[in-house]
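As provided, final05.txt (compact mmCIF, C-alpha atoms) reads as follows.
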# COMPACT_ATOMS: atom_id res chain seq x y z
CA MET W 1214 -10.51 9.94 9.40
CA ARG W 1215 -8.20 8.91 5.86
CA HIS W 1216 -3.79 7.85 -0.77
CA ARG W 1217 -3.05 6.36 -3.27
CA SER W 1218 -3.00 6.60 -7.01
CA LEU W 1219 -6.43 5.64 -8.17
CA ILE W 1220 -5.41 2.55 -10.06
CA ALA W 1221 -7.80 1.76 -12.87
CA VAL W 1222 -8.13 -1.99 -12.62
CA THR W 1223 -10.80 -3.81 -14.53
CA ALA W 1224 -10.67 -7.37 -13.29
CA ALA W 1225 -13.39 -8.11 -10.75
CA LEU W 1226 -12.55 -9.35 -7.28
CA ALA W 1227 -12.38 -13.10 -7.38
CA ALA W 1228 -15.27 -14.53 -5.41
CA GLY W 1229 -13.01 -16.89 -3.54
CA SER W 1230 -10.87 -14.15 -2.04
CA LEU W 1231 -13.41 -13.44 0.68
CA THR W 1232 -14.34 -17.08 1.35
CA LEU W 1233 -11.01 -18.68 2.12
CA THR W 1234 -11.70 -21.95 3.90
CA ALA W 1235 -9.71 -24.27 6.10
CA CYS W 1236 -9.79 -27.94 7.02
CA GLY W 1237 -11.30 -27.26 10.40
CA SER W 1238 -11.72 -24.82 13.24
CA ARG W 1239 -9.64 -24.37 16.38
CA ASP W 1240 -9.22 -27.47 18.52
CA GLU W 1241 -8.46 -25.91 21.88
CA GLY W 1242 -7.96 -29.22 23.64
CA LYS W 1243 -5.61 -31.02 21.27
CA GLY W 1244 -4.14 -28.15 19.29
CA SER W 1245 -3.24 -28.27 15.63
CA SER W 1246 -1.05 -30.84 13.98
CA GLY W 1247 1.13 -28.04 12.64
CA THR W 1248 0.10 -28.28 8.98
CA ALA W 1249 -1.12 -25.17 7.17
CA GLY W 1250 -4.88 -24.86 7.20
CA ASP W 1251 -5.59 -26.89 10.37
CA VAL W 1252 -7.11 -23.88 12.15
CA THR W 1253 -9.22 -21.03 10.76
CA VAL W 1254 -8.66 -17.55 12.17
CA VAL W 1255 -11.13 -14.91 11.01
CA ILE W 1256 -10.21 -11.25 10.70
CA GLY W 1257 -13.30 -9.08 10.67
CA VAL W 1258 -13.70 -5.85 8.71
CA ASP W 1259 -16.27 -3.17 9.43
CA ALA W 1260 -16.59 -0.27 6.97
CA PRO W 1261 -19.14 1.50 4.77
CA LEU W 1262 -19.23 -0.88 1.81
CA THR W 1263 -22.29 0.83 0.31
CA GLY W 1264 -23.51 4.41 0.35
CA ASP W 1265 -21.78 7.78 -0.02
CA LEU W 1266 -18.54 6.75 1.70
CA SER W 1267 -18.14 3.37 0.01
CA ALA W 1268 -15.16 4.61 -2.05
CA LEU W 1269 -13.20 4.66 1.19
CA GLY W 1270 -14.83 1.61 2.77
CA LEU W 1271 -14.17 -0.70 -0.18
CA GLY W 1272 -10.52 0.34 -0.17
CA ILE W 1273 -10.35 -0.66 3.50
CA LYS W 1274 -11.96 -4.05 2.86
CA ASN W 1275 -9.85 -4.89 -0.19
CA SER W 1276 -6.58 -3.92 1.47
CA ALA W 1277 -7.31 -6.04 4.54
CA ASP W 1278 -8.27 -8.88 2.20
CA LEU W 1279 -4.92 -8.55 0.45
CA ALA W 1280 -3.12 -8.94 3.79
CA VAL W 1281 -5.13 -12.09 4.51
CA LYS W 1282 -4.36 -13.50 1.08
CA GLN W 1283 -0.64 -12.88 1.42
CA ALA W 1284 -0.46 -14.34 4.91
CA ASN W 1285 -2.04 -17.53 3.57
CA GLU W 1286 0.15 -17.64 0.46
CA LYS W 1287 3.29 -17.25 2.59
CA LYS W 1288 1.97 -19.69 5.23
CA TYR W 1289 3.04 -16.92 7.58
CA VAL W 1290 1.52 -18.52 10.67
CA LYS W 1291 2.12 -22.25 10.64
CA GLY W 1292 -1.05 -24.24 11.15
CA VAL W 1293 -3.35 -21.26 10.57
CA THR W 1294 -5.45 -20.25 7.59
CA PHE W 1295 -6.79 -16.70 7.75
CA LYS W 1296 -10.23 -15.76 6.47
CA LEU W 1297 -11.87 -12.34 6.05
CA GLU W 1298 -15.40 -11.48 7.15
CA ALA W 1299 -16.39 -8.03 5.90
CA LEU W 1300 -19.52 -6.30 7.20
CA ASP W 1301 -21.17 -3.10 5.93
CA ASP W 1302 -21.90 -0.39 8.51
CA GLN W 1303 -23.12 2.19 5.93
CA ALA W 1304 -21.34 4.81 8.10
CA GLN W 1305 -24.08 4.37 10.73
CA ALA W 1306 -23.29 3.88 14.41
CA SER W 1307 -26.25 1.53 14.97
CA SER W 1308 -25.14 -0.75 12.13
CA GLY W 1309 -21.58 -0.71 13.44
CA GLN W 1310 -22.73 -1.81 16.87
CA GLN W 1311 -24.77 -4.65 15.37
CA ASN W 1312 -21.77 -5.72 13.30
CA ALA W 1313 -19.54 -5.64 16.37
CA THR W 1314 -21.96 -7.95 18.20
CA LYS W 1315 -22.02 -10.31 15.22
CA LEU W 1316 -18.22 -10.44 14.98
CA VAL W 1317 -17.87 -11.07 18.73
CA ALA W 1318 -20.33 -13.98 18.45
CA ASN W 1319 -18.03 -15.73 15.95
CA LYS W 1320 -15.40 -17.35 18.17
CA ASP W 1321 -13.02 -17.69 15.23
CA VAL W 1322 -12.74 -13.89 14.96
CA LEU W 1323 -9.49 -12.85 16.68
CA GLY W 1324 -9.25 -9.26 15.41
CA VAL W 1325 -11.22 -6.58 13.57
CA VAL W 1326 -10.08 -3.93 11.08
CA GLY W 1327 -12.17 -0.75 11.04
CA PRO W 1328 -14.32 1.21 11.07
CA LEU W 1329 -13.90 4.31 8.90
CA ASN W 1330 -15.91 6.73 11.03
CA SER W 1331 -15.04 7.78 14.57
CA SER W 1332 -18.73 8.08 15.45
CA VAL W 1333 -19.26 4.45 14.42
CA SER W 1334 -16.29 3.37 16.50
CA GLU W 1335 -17.79 5.00 19.59
CA ALA W 1336 -20.69 2.56 19.32
CA MET W 1337 -18.42 -0.48 18.85
CA GLN W 1338 -15.62 -0.04 21.36
CA LYS W 1339 -17.31 -1.41 24.47
CA VAL W 1340 -18.66 -4.45 22.61
CA PHE W 1341 -15.16 -5.40 21.49
CA ASP W 1342 -13.55 -4.51 24.80
CA ASP W 1343 -15.95 -6.67 26.82
CA ALA W 1344 -14.98 -9.59 24.55
CA LYS W 1345 -11.24 -8.77 24.69
CA LEU W 1346 -11.32 -8.65 20.89
CA PRO W 1347 -8.65 -6.35 19.37
CA GLN W 1348 -9.97 -3.66 17.05
CA ILE W 1349 -7.60 -1.66 14.83
CA SER W 1350 -8.93 1.27 12.82
CA PRO W 1351 -7.01 2.50 9.78
CA ALA W 1352 -9.02 5.73 9.66
CA ASN W 1353 -10.45 6.94 12.99
CA THR W 1354 -8.88 10.23 14.06
CA SER W 1355 -10.97 11.43 17.02
CA PRO W 1356 -8.53 11.71 19.98
CA SER W 1357 -11.19 10.74 22.54
CA LEU W 1358 -11.33 7.17 21.21
CA THR W 1359 -7.93 6.45 22.72
CA GLN W 1360 -7.32 9.22 25.23
CA GLY W 1361 -10.77 9.70 26.76
CA PRO W 1362 -13.29 12.56 26.75
CA LYS W 1363 -11.03 14.99 28.67
CA TRP W 1364 -7.95 14.58 26.45
CA ALA W 1365 -8.03 18.27 25.40
CA THR W 1366 -7.51 19.36 29.03
CA GLY W 1367 -4.45 17.15 29.32
CA GLU W 1368 -6.30 14.46 31.29
CA LYS W 1369 -5.69 11.42 29.12
CA THR W 1370 -7.28 8.09 30.00
CA ARG W 1371 -7.37 4.97 27.89
CA THR W 1372 -10.94 3.74 28.27
CA TYR W 1373 -10.75 0.67 26.04
CA LYS W 1374 -7.60 -1.45 25.96
CA SER W 1375 -8.87 -3.41 22.95
CA TYR W 1376 -8.85 -0.36 20.68
CA PHE W 1377 -5.92 0.63 18.45
CA ARG W 1378 -5.41 2.68 15.29
CA THR W 1379 -2.78 2.99 12.58
CA ALA W 1380 -3.88 6.54 11.62
CA THR W 1381 -2.72 9.58 13.58
CA THR W 1382 -5.27 11.76 15.38
CA ASP W 1383 -7.00 15.10 14.93
CA ALA W 1384 -5.08 16.40 17.94
CA ILE W 1385 -2.26 16.58 15.40
CA GLN W 1386 -4.12 16.86 12.08
CA GLY W 1387 -6.11 20.02 12.88
CA PRO W 1388 -3.13 22.02 14.21
CA PHE W 1389 -0.96 20.74 11.34
CA ALA W 1390 -3.47 22.21 8.85
CA ALA W 1391 -3.64 25.47 10.83
CA GLN W 1392 0.14 25.89 10.76
CA TYR W 1393 0.27 25.25 7.02
CA LEU W 1394 -2.55 27.68 6.21
CA PHE W 1395 -1.29 30.49 8.43
CA ASN W 1396 2.47 30.18 7.96
CA LYS W 1397 2.80 28.90 4.39
CA ALA W 1398 -0.44 29.62 2.53
CA GLY W 1399 -0.78 33.08 4.07
CA LYS W 1400 -4.39 32.64 5.13
CA LYS W 1401 -5.24 34.85 8.12
CA LYS W 1402 -9.05 34.91 8.24
CA VAL W 1403 -11.01 31.65 8.30
CA PHE W 1404 -14.68 30.73 8.28
CA LEU W 1405 -15.19 27.49 10.24
CA ILE W 1406 -17.87 24.97 9.30
CA ASP W 1407 -18.49 21.45 10.60
CA ASP W 1408 -21.13 18.73 10.30
CA LYS W 1409 -21.64 18.37 14.09
CA LYS W 1410 -20.40 14.76 14.01
CA THR W 1411 -17.65 13.35 16.23
CA TYR W 1412 -14.99 13.52 13.54
CA GLY W 1413 -15.95 16.82 11.91
CA ALA W 1414 -16.59 18.86 15.04
CA GLY W 1415 -13.46 17.50 16.74
CA LEU W 1416 -11.24 18.28 13.77
CA ALA W 1417 -12.62 21.82 13.41
CA GLY W 1418 -12.07 22.37 17.11
CA THR W 1419 -8.40 21.40 17.10
CA PHE W 1420 -7.84 23.49 13.96
CA LYS W 1421 -9.45 26.54 15.57
CA GLY W 1422 -7.32 26.28 18.69
CA GLU W 1423 -4.05 26.37 16.78
CA PHE W 1424 -5.15 28.91 14.14
CA THR W 1425 -6.16 31.49 16.77
CA LYS W 1426 -3.02 30.75 18.78
CA LEU W 1427 -0.97 31.66 15.72
CA GLY W 1428 -2.85 34.96 15.40
CA GLY W 1429 -5.44 33.94 12.84
CA GLN W 1430 -8.89 35.49 12.86
CA ILE W 1431 -12.19 33.59 12.93
CA ALA W 1432 -14.45 35.38 10.42
CA GLY W 1433 -17.44 33.24 11.33
CA GLU W 1434 -18.56 29.79 12.42
CA GLY W 1435 -21.45 27.54 11.50
CA HIS W 1436 -22.72 24.00 11.11
CA ILE W 1437 -24.41 22.11 8.31
CA ASP W 1438 -26.57 19.03 8.03
CA PRO W 1439 -24.53 16.75 5.74
CA GLU W 1440 -27.74 15.05 4.59
CA SER W 1441 -28.91 18.34 3.06
CA LYS W 1442 -27.36 19.42 -0.20
CA ASP W 1443 -28.61 23.00 -0.03
CA PHE W 1444 -26.08 25.05 1.92
CA SER W 1445 -27.24 28.47 0.71
CA ALA W 1446 -27.71 29.95 4.19
CA ILE W 1447 -24.17 29.34 5.38
CA VAL W 1448 -22.74 30.09 1.92
CA THR W 1449 -24.23 33.59 2.21
CA GLN W 1450 -22.55 33.97 5.61
CA VAL W 1451 -19.23 32.90 4.14
CA LYS W 1452 -19.53 35.35 1.23
CA ASN W 1453 -20.29 38.27 3.55
CA SER W 1454 -17.65 37.40 6.15
CA GLY W 1455 -14.53 38.54 4.34
CA ALA W 1456 -12.84 35.19 5.04
CA ASP W 1457 -9.93 34.24 2.82
CA VAL W 1458 -10.40 30.50 3.45
CA VAL W 1459 -13.07 28.06 4.64
CA TYR W 1460 -12.08 25.20 6.95
CA TYR W 1461 -14.57 22.32 6.94
CA GLY W 1462 -14.75 19.52 9.47
CA GLY W 1463 -16.55 16.63 7.81
CA GLU W 1464 -16.48 14.29 4.84
CA TYR W 1465 -16.51 14.60 1.06
CA PRO W 1466 -20.21 13.85 0.29
CA ALA W 1467 -21.14 17.23 1.83
CA ALA W 1468 -17.81 19.03 1.41
CA GLY W 1469 -17.85 18.74 -2.39
CA PRO W 1470 -21.25 20.38 -2.89
CA LEU W 1471 -20.41 22.95 -0.19
CA SER W 1472 -17.27 24.01 -2.05
CA LYS W 1473 -19.18 24.16 -5.33
CA GLN W 1474 -21.88 26.40 -3.85
CA ILE W 1475 -19.34 28.70 -2.19
CA LYS W 1476 -17.58 29.26 -5.53
CA ALA W 1477 -20.91 29.72 -7.33
CA SER W 1478 -21.80 32.50 -4.88
CA GLY W 1479 -18.81 34.50 -6.08
CA ALA W 1480 -16.60 33.81 -3.07
CA SER W 1481 -13.49 32.53 -4.84
CA ILE W 1482 -11.74 31.24 -1.71
CA PRO W 1483 -10.42 27.73 -1.11
CA LEU W 1484 -12.15 25.14 1.03
CA VAL W 1485 -9.79 23.17 3.24
CA GLY W 1486 -10.57 19.98 5.11
CA GLY W 1487 -9.05 16.90 6.67
CA ASP W 1488 -8.70 13.31 5.54
CA GLY W 1489 -12.49 13.01 5.37
CA ILE W 1490 -12.53 15.01 2.13
CA TYR W 1491 -9.35 13.52 0.71
CA ASP W 1492 -10.72 11.44 -2.12
CA LYS W 1493 -11.18 11.88 -5.85
CA LYS W 1494 -14.94 11.82 -5.26
CA TYR W 1495 -14.59 15.22 -3.57
CA VAL W 1496 -13.14 16.74 -6.75
CA GLU W 1497 -15.95 15.24 -8.82
CA LEU W 1498 -18.62 16.62 -6.48
CA ALA W 1499 -17.01 20.06 -6.14
CA GLY W 1500 -16.57 20.57 -9.87
CA GLU W 1501 -14.24 22.96 -11.67
CA GLY W 1502 -14.17 25.46 -8.82
CA ALA W 1503 -12.40 22.93 -6.60
CA GLN W 1504 -9.03 23.75 -8.15
CA GLY W 1505 -6.79 24.94 -5.32
CA ASP W 1506 -8.88 23.44 -2.51
CA LEU W 1507 -6.76 21.67 0.11
CA ALA W 1508 -6.92 18.61 2.31
CA THR W 1509 -4.68 17.06 4.91
CA SER W 1510 -4.43 13.31 5.33
CA VAL W 1511 -2.64 10.84 7.57
CA GLY W 1512 0.86 9.72 6.69
CA ALA W 1513 2.91 10.34 3.57
CA PRO W 1514 1.53 9.57 0.09
CA VAL W 1515 1.60 5.79 -0.25
CA GLU W 1516 3.01 6.09 -3.75
CA SER W 1517 6.05 7.95 -2.40
CA LEU W 1518 7.00 5.27 0.13
CA PRO W 1519 9.51 2.58 -0.88
CA SER W 1520 7.83 0.40 1.76
CA ALA W 1521 4.55 0.56 -0.20
CA LYS W 1522 5.89 -0.52 -3.59
CA GLU W 1523 5.10 -4.20 -3.07
CA PHE W 1524 1.64 -3.41 -1.68
CA ILE W 1525 0.73 -1.31 -4.72
CA GLU W 1526 1.97 -3.99 -7.13
CA ASN W 1527 0.15 -6.78 -5.29
CA TYR W 1528 -3.07 -4.78 -5.08
CA LYS W 1529 -2.98 -4.28 -8.83
CA LYS W 1530 -2.24 -7.97 -9.44
CA ALA W 1531 -5.13 -9.03 -7.20
CA GLY W 1532 -7.55 -7.34 -9.62
CA TYR W 1533 -9.71 -5.41 -7.17
CA LYS W 1534 -12.15 -3.26 -9.12
CA ASP W 1535 -12.05 -0.47 -6.53
CA PRO W 1536 -8.96 1.62 -5.66
CA TYR W 1537 -7.29 1.22 -2.28
CA ALA W 1538 -8.16 4.89 -1.69
CA ALA W 1539 -6.97 6.97 1.25
CA TYR W 1540 -6.66 4.20 3.85
CA GLY W 1541 -5.43 1.22 1.86
CA GLY W 1542 -1.94 1.10 3.31
CA TYR W 1543 -3.24 1.68 6.83
CA SER W 1544 -5.85 -1.07 6.39
CA TYR W 1545 -3.24 -3.54 5.20
CA ASP W 1546 -1.04 -2.64 8.18
CA SER W 1547 -4.00 -2.94 10.57
CA ALA W 1548 -4.77 -6.46 9.32
CA TRP W 1549 -1.09 -7.37 9.41
CA ALA W 1550 -0.81 -6.19 13.02
CA ILE W 1551 -3.52 -8.73 13.90
CA ILE W 1552 -1.71 -11.40 11.89
CA GLU W 1553 1.53 -10.59 13.74
CA GLY W 1554 -0.37 -10.84 17.03
CA VAL W 1555 -1.72 -14.27 16.10
CA LYS W 1556 1.78 -15.40 15.08
CA LYS W 1557 3.23 -14.30 18.43
CA VAL W 1558 0.58 -16.23 20.33
CA VAL W 1559 0.90 -19.39 18.23
CA ASP W 1560 4.71 -19.35 18.38
CA ALA W 1561 4.61 -18.95 22.16
CA ASN W 1562 2.15 -21.83 22.60
CA ASP W 1563 3.90 -24.72 20.85
CA GLY W 1564 2.44 -23.92 17.47
CA LYS W 1565 -1.24 -23.84 18.42
CA LEU W 1566 -3.87 -21.36 19.56
CA PRO W 1567 -4.60 -21.33 23.30
CA ALA W 1568 -8.11 -21.49 24.77
CA ASP W 1569 -7.98 -17.76 25.61
CA ALA W 1570 -6.76 -16.80 22.15
CA ARG W 1571 -8.53 -13.42 21.99
CA ALA W 1572 -7.05 -12.12 25.23
CA LYS W 1573 -3.61 -13.39 24.25
CA VAL W 1574 -3.80 -11.85 20.76
CA LEU W 1575 -4.96 -8.57 22.30
CA GLU W 1576 -1.92 -8.57 24.56
CA ALA W 1577 0.34 -9.42 21.63
CA VAL W 1578 -1.06 -6.64 19.41
CA GLN W 1579 -0.14 -4.03 22.03
CA GLY W 1580 3.49 -5.02 21.59
CA VAL W 1581 3.73 -5.50 17.83
CA SER W 1582 6.41 -3.60 15.96
CA PHE W 1583 7.11 -4.18 12.30
CA ASP W 1584 7.95 -2.39 9.05
CA GLY W 1585 4.63 -1.99 7.28
CA VAL W 1586 3.29 -0.43 4.10
CA THR W 1587 3.03 2.98 5.78
CA GLY W 1588 6.32 2.78 7.66
CA LYS W 1589 7.05 1.55 11.16
CA VAL W 1590 3.91 0.13 12.77
CA SER W 1591 3.61 0.11 16.56
CA PHE W 1592 1.28 1.46 19.23
CA ASP W 1593 1.84 3.70 22.24
CA GLN W 1594 0.33 3.30 25.71
CA TYR W 1595 -3.01 4.66 24.48
CA GLY W 1596 -3.24 2.41 21.42
CA ASP W 1597 -2.36 5.30 19.12
CA ALA W 1598 -0.04 4.93 16.15
CA THR W 1599 3.53 5.98 16.82
CA ASN W 1600 3.72 7.24 13.21
CA LYS W 1601 2.60 10.90 13.41
CA GLN W 1602 3.28 11.99 9.83
CA LEU W 1603 0.72 14.00 7.80
CA THR W 1604 0.52 15.42 4.27
CA VAL W 1605 -1.07 18.49 2.67
CA TYR W 1606 -2.76 17.88 -0.69
CA LYS W 1607 -4.08 20.36 -3.25
CA VAL W 1608 -6.67 19.82 -5.96
CA GLU W 1609 -4.91 20.02 -9.30
CA GLY W 1610 -6.83 18.77 -12.32
CA PRO W 1611 -9.06 15.77 -11.64
CA ASP W 1612 -7.51 14.75 -8.30
CA PHE W 1613 -5.48 15.80 -5.27
CA LYS W 1614 -1.70 16.18 -5.58
CA ALA W 1615 0.70 16.06 -2.63
CA VAL W 1616 2.16 19.43 -1.60
CA GLU W 1617 4.31 18.54 1.40
CA SER W 1618 4.59 16.06 4.28
CA GLY W 1619 5.63 16.66 7.84
CA THR W 1620 4.54 16.53 11.47
CA PHE W 1621 2.82 19.09 13.67
CA GLY W 1622 5.29 21.59 15.01
CA GLY W 1623 7.98 20.23 12.74
As structure tokens, the full file:
Amino acid sequence: MRHRSLIAVTAALAAGSLTLTACGSRDEGKGSSGTAGDVTVVIGVDAPLTGDLSALGLGIKNSADLAVKQANEKKYVKGVTFKLEALDDQAQASSGQQNATKLVANKDVLGVVGPLNSSVSEAMQKVFDDAKLPQISPANTSPSLTQGPKWATGEKTRTYKSYFRTATTDAIQGPFAAQYLFNKAGKKKVFLIDDKKTYGAGLAGTFKGEFTKLGGQIAGEGHIDPESKDFSAIVTQVKNSGADVVYYGGEYPAAGPLSKQIKASGASIPLVGGDGIYDKKYVELAGEGAQGDLATSVGAPVESLPSAKEFIENYKKAGYKDPYAAYGGYSYDSAWAIIEGVKKVVDANDGKLPADARAKVLEAVQGVSFDGVTGKVSFDQYGDATNKQLTVYKVEGPDFKAVESGTFGG
């Protein structure tokens, strides 16, 4: 699905940052006069801005907002003022679909950043594709979103040409975690648990395939309802299984309590998960027993990248009260890919937006290539990120600390 140092900033987000205005909207017949602010281009954001996953969703929104602010400050696209419209999906597919419909209805929206959850994206893709509106997720990792439902068999089909992502997929993340656990952490017997959602089940599945291929043993398998906070039944199975590690496919609101209950049962084995558990909130929910638990996440630690130095400084200066969290850099790069697409279209059309701006921006986004916060940003023939790097993190003290970065098979 999803770091960052959790920067403790106290200044509240300025109200004006999300209501940037312009002198007028697109004049498709006459075009703009070429002065900054003549045309408003809206970049939509869809993410869980409230609820259990809001720590990640607010980081997505704020980071996309920062990209919009900087594009306007730099007058990056002559004659265009960018504006952000952020909608809350509460990590629910139905809300995401409603938000997608609302964003499509606003003709000034030429690109959308989000969502966080792969299951939400499944409900949004066709709405955006029918409207030829580019969607770029900084966090979705389900391979089927770009490569179709039969991707695991080698039959890859891009169903929606409007969909892109800056995060790498679980086709890489699950096996990457399996290789690390088996080869480097010395874990040979795993108990697999997932939340039966698109992201969690898919991630657990790709992990299982590689772990068994390496010679690892599956001590047991089970599912949980992430809405329930009593996991005693499966915890008992874990304790009696003889597993030396638990791999969980899902997100931190359930993973934290699950880890806590496993440790409380007397099974002192680490819980390992993907980017869905990679947040400080996980450590808070899991408690003291979380020390040594592991997570993988997309890319290299933002703080370690020279390319991210300016982003981190500007985020701090902007005074957002929430941290950029796991997907901040990817969200900024997603928004900037849309901005680059708009710039290409405007530059190729005598400095103004054409009547079919969405279709033209969609075409331009497919070909963008630039040095972003997270490294080189570009998309392959499926709309997937060409950056395939991942990182293993371990809970040490009150947060996760990076252990090592690399790529699957590398």
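Each of W:Ile1431, W:Ile1273, W:Ala1468, W:Leu1566 was checked against W:Val1252 using all atoms listed in the file; the smallest atom-to-atom distance is that of W:Leu1566.
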What are the nearest atom pairs, with distances in Å to one decimal, for all residues of stretch 1322-1412 of chain W that come at most 12 Å from stretch 1279-1296 of chain W, using all atoms listed in the file, set out by chain and rising residue number as a Markdown table?
| residue | atom | partner | partner_atom | distance |
| --- | --- | --- | --- | --- |
| W:Val1322 | CA | W:Lys1296 | CA | 9.0 |
| W:Leu1323 | CA | W:Phe1295 | CA | 10.1 |
| W:Gly1324 | CA | W:Phe1295 | CA | 11.0 |
| W:Val1325 | CA | W:Lys1296 | CA | 11.6 |
| W:Val1326 | CA | W:Ala1280 | CA | 11.3 |
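Nearest to W:Asp1488 of all the residues W:Gly1532, W:Pro1328, W:Gly1502, W:Gly1463 is W:Gly1463, based on all atoms listed in the file.
Counting only C-alpha atoms and comparing W:Gln1504, W:Gln1348, W:Asn1319, W:Ser1582, the residue that lies closest to W:Asp1612 is W:Gln1504.
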*Using all atoms listed in the file, which residues sit within 8 Å of W:Ser1591 once same-chain residues fewer than 3 positions away are excluded, as a ChimeraX atom specification?*
/W:1579-1583,1598-1600
Kindly list the centre and edge lengths in Å, rounded to one decimal, for the axis-aligned box that covers all listed atoms of stretch 1392-1404 of chain W plus 6 Å on each of its six sides, as JSON.
{"center_x": -5.9, "center_y": 30.1, "center_z": 6.6, "size_x": 29.5, "size_y": 21.7, "size_z": 20.2}
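Relative to atom CA of W:Lys1402, atom CA of W:Gln1602 is found at 26.1 Å.
Each of W:Ala1572, W:Val1608, W:Leu1518, W:Val1254 was compared to W:Leu1484 using all atoms listed in the file, and W:Val1608 turns out to be the nearest.
Counting from atom CA of W:Lys1573, the distance to atom CA of W:Phe1341 is 14.3 Å.
The two atoms in question, atom CA of W:Phe1524 and atom CA of W:Lys1607, are spaced 24.5 Å apart.
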How close does stretch 1443-1549 of chain W get to stretch 1410-1428 of chain W? List, as JSON lines, each residue of stretch 1443-1549 of chain W within 9 Å, its nearest atom pair and the distance in Å to one decimal, counting all atoms listed in the file.
{"residue": "W:Tyr1460", "atom": "CA", "partner": "W:Ala1417", "partner_atom": "CA", "distance": 7.3}
{"residue": "W:Tyr1461", "atom": "CA", "partner": "W:Ala1417", "partner_atom": "CA", "distance": 6.8}
{"residue": "W:Gly1462", "atom": "CA", "partner": "W:Gly1413", "partner_atom": "CA", "distance": 3.8}
{"residue": "W:Gly1463", "atom": "CA", "partner": "W:Gly1413", "partner_atom": "CA", "distance": 4.1}
{"residue": "W:Glu1464", "atom": "CA", "partner": "W:Gly1413", "partner_atom": "CA", "distance": 7.5}
{"residue": "W:Gly1486", "atom": "CA", "partner": "W:Ala1417", "partner_atom": "CA", "distance": 8.7}
{"residue": "W:Gly1487", "atom": "CA", "partner": "W:Leu1416", "partner_atom": "CA", "distance": 7.6}
{"residue": "W:Gly1489", "atom": "CA", "partner": "W:Gly1413", "partner_atom": "CA", "distance": 8.3}
Just write the chosen residues, C-alpha atoms, as a PDB file, in the frame of the given file.
ATOM      1  CA  TYR W1460     -12.080  25.200   6.950  1.00  0.00           C
ATOM      2  CA  TYR W1461     -14.570  22.320   6.940  1.00  0.00           C
ATOM      3  CA  GLY W1462     -14.750  19.520   9.470  1.00  0.00           C
ATOM      4  CA  GLY W1463     -16.550  16.630   7.810  1.00  0.00           C
ATOM      5  CA  GLU W1464     -16.480  14.290   4.840  1.00  0.00           C
ATOM      6  CA  GLY W1486     -10.570  19.980   5.110  1.00  0.00           C
ATOM      7  CA  GLY W1487      -9.050  16.900   6.670  1.00  0.00           C
ATOM      8  CA  GLY W1489     -12.490  13.010   5.370  1.00  0.00           C
TER       9      GLY W1489
END
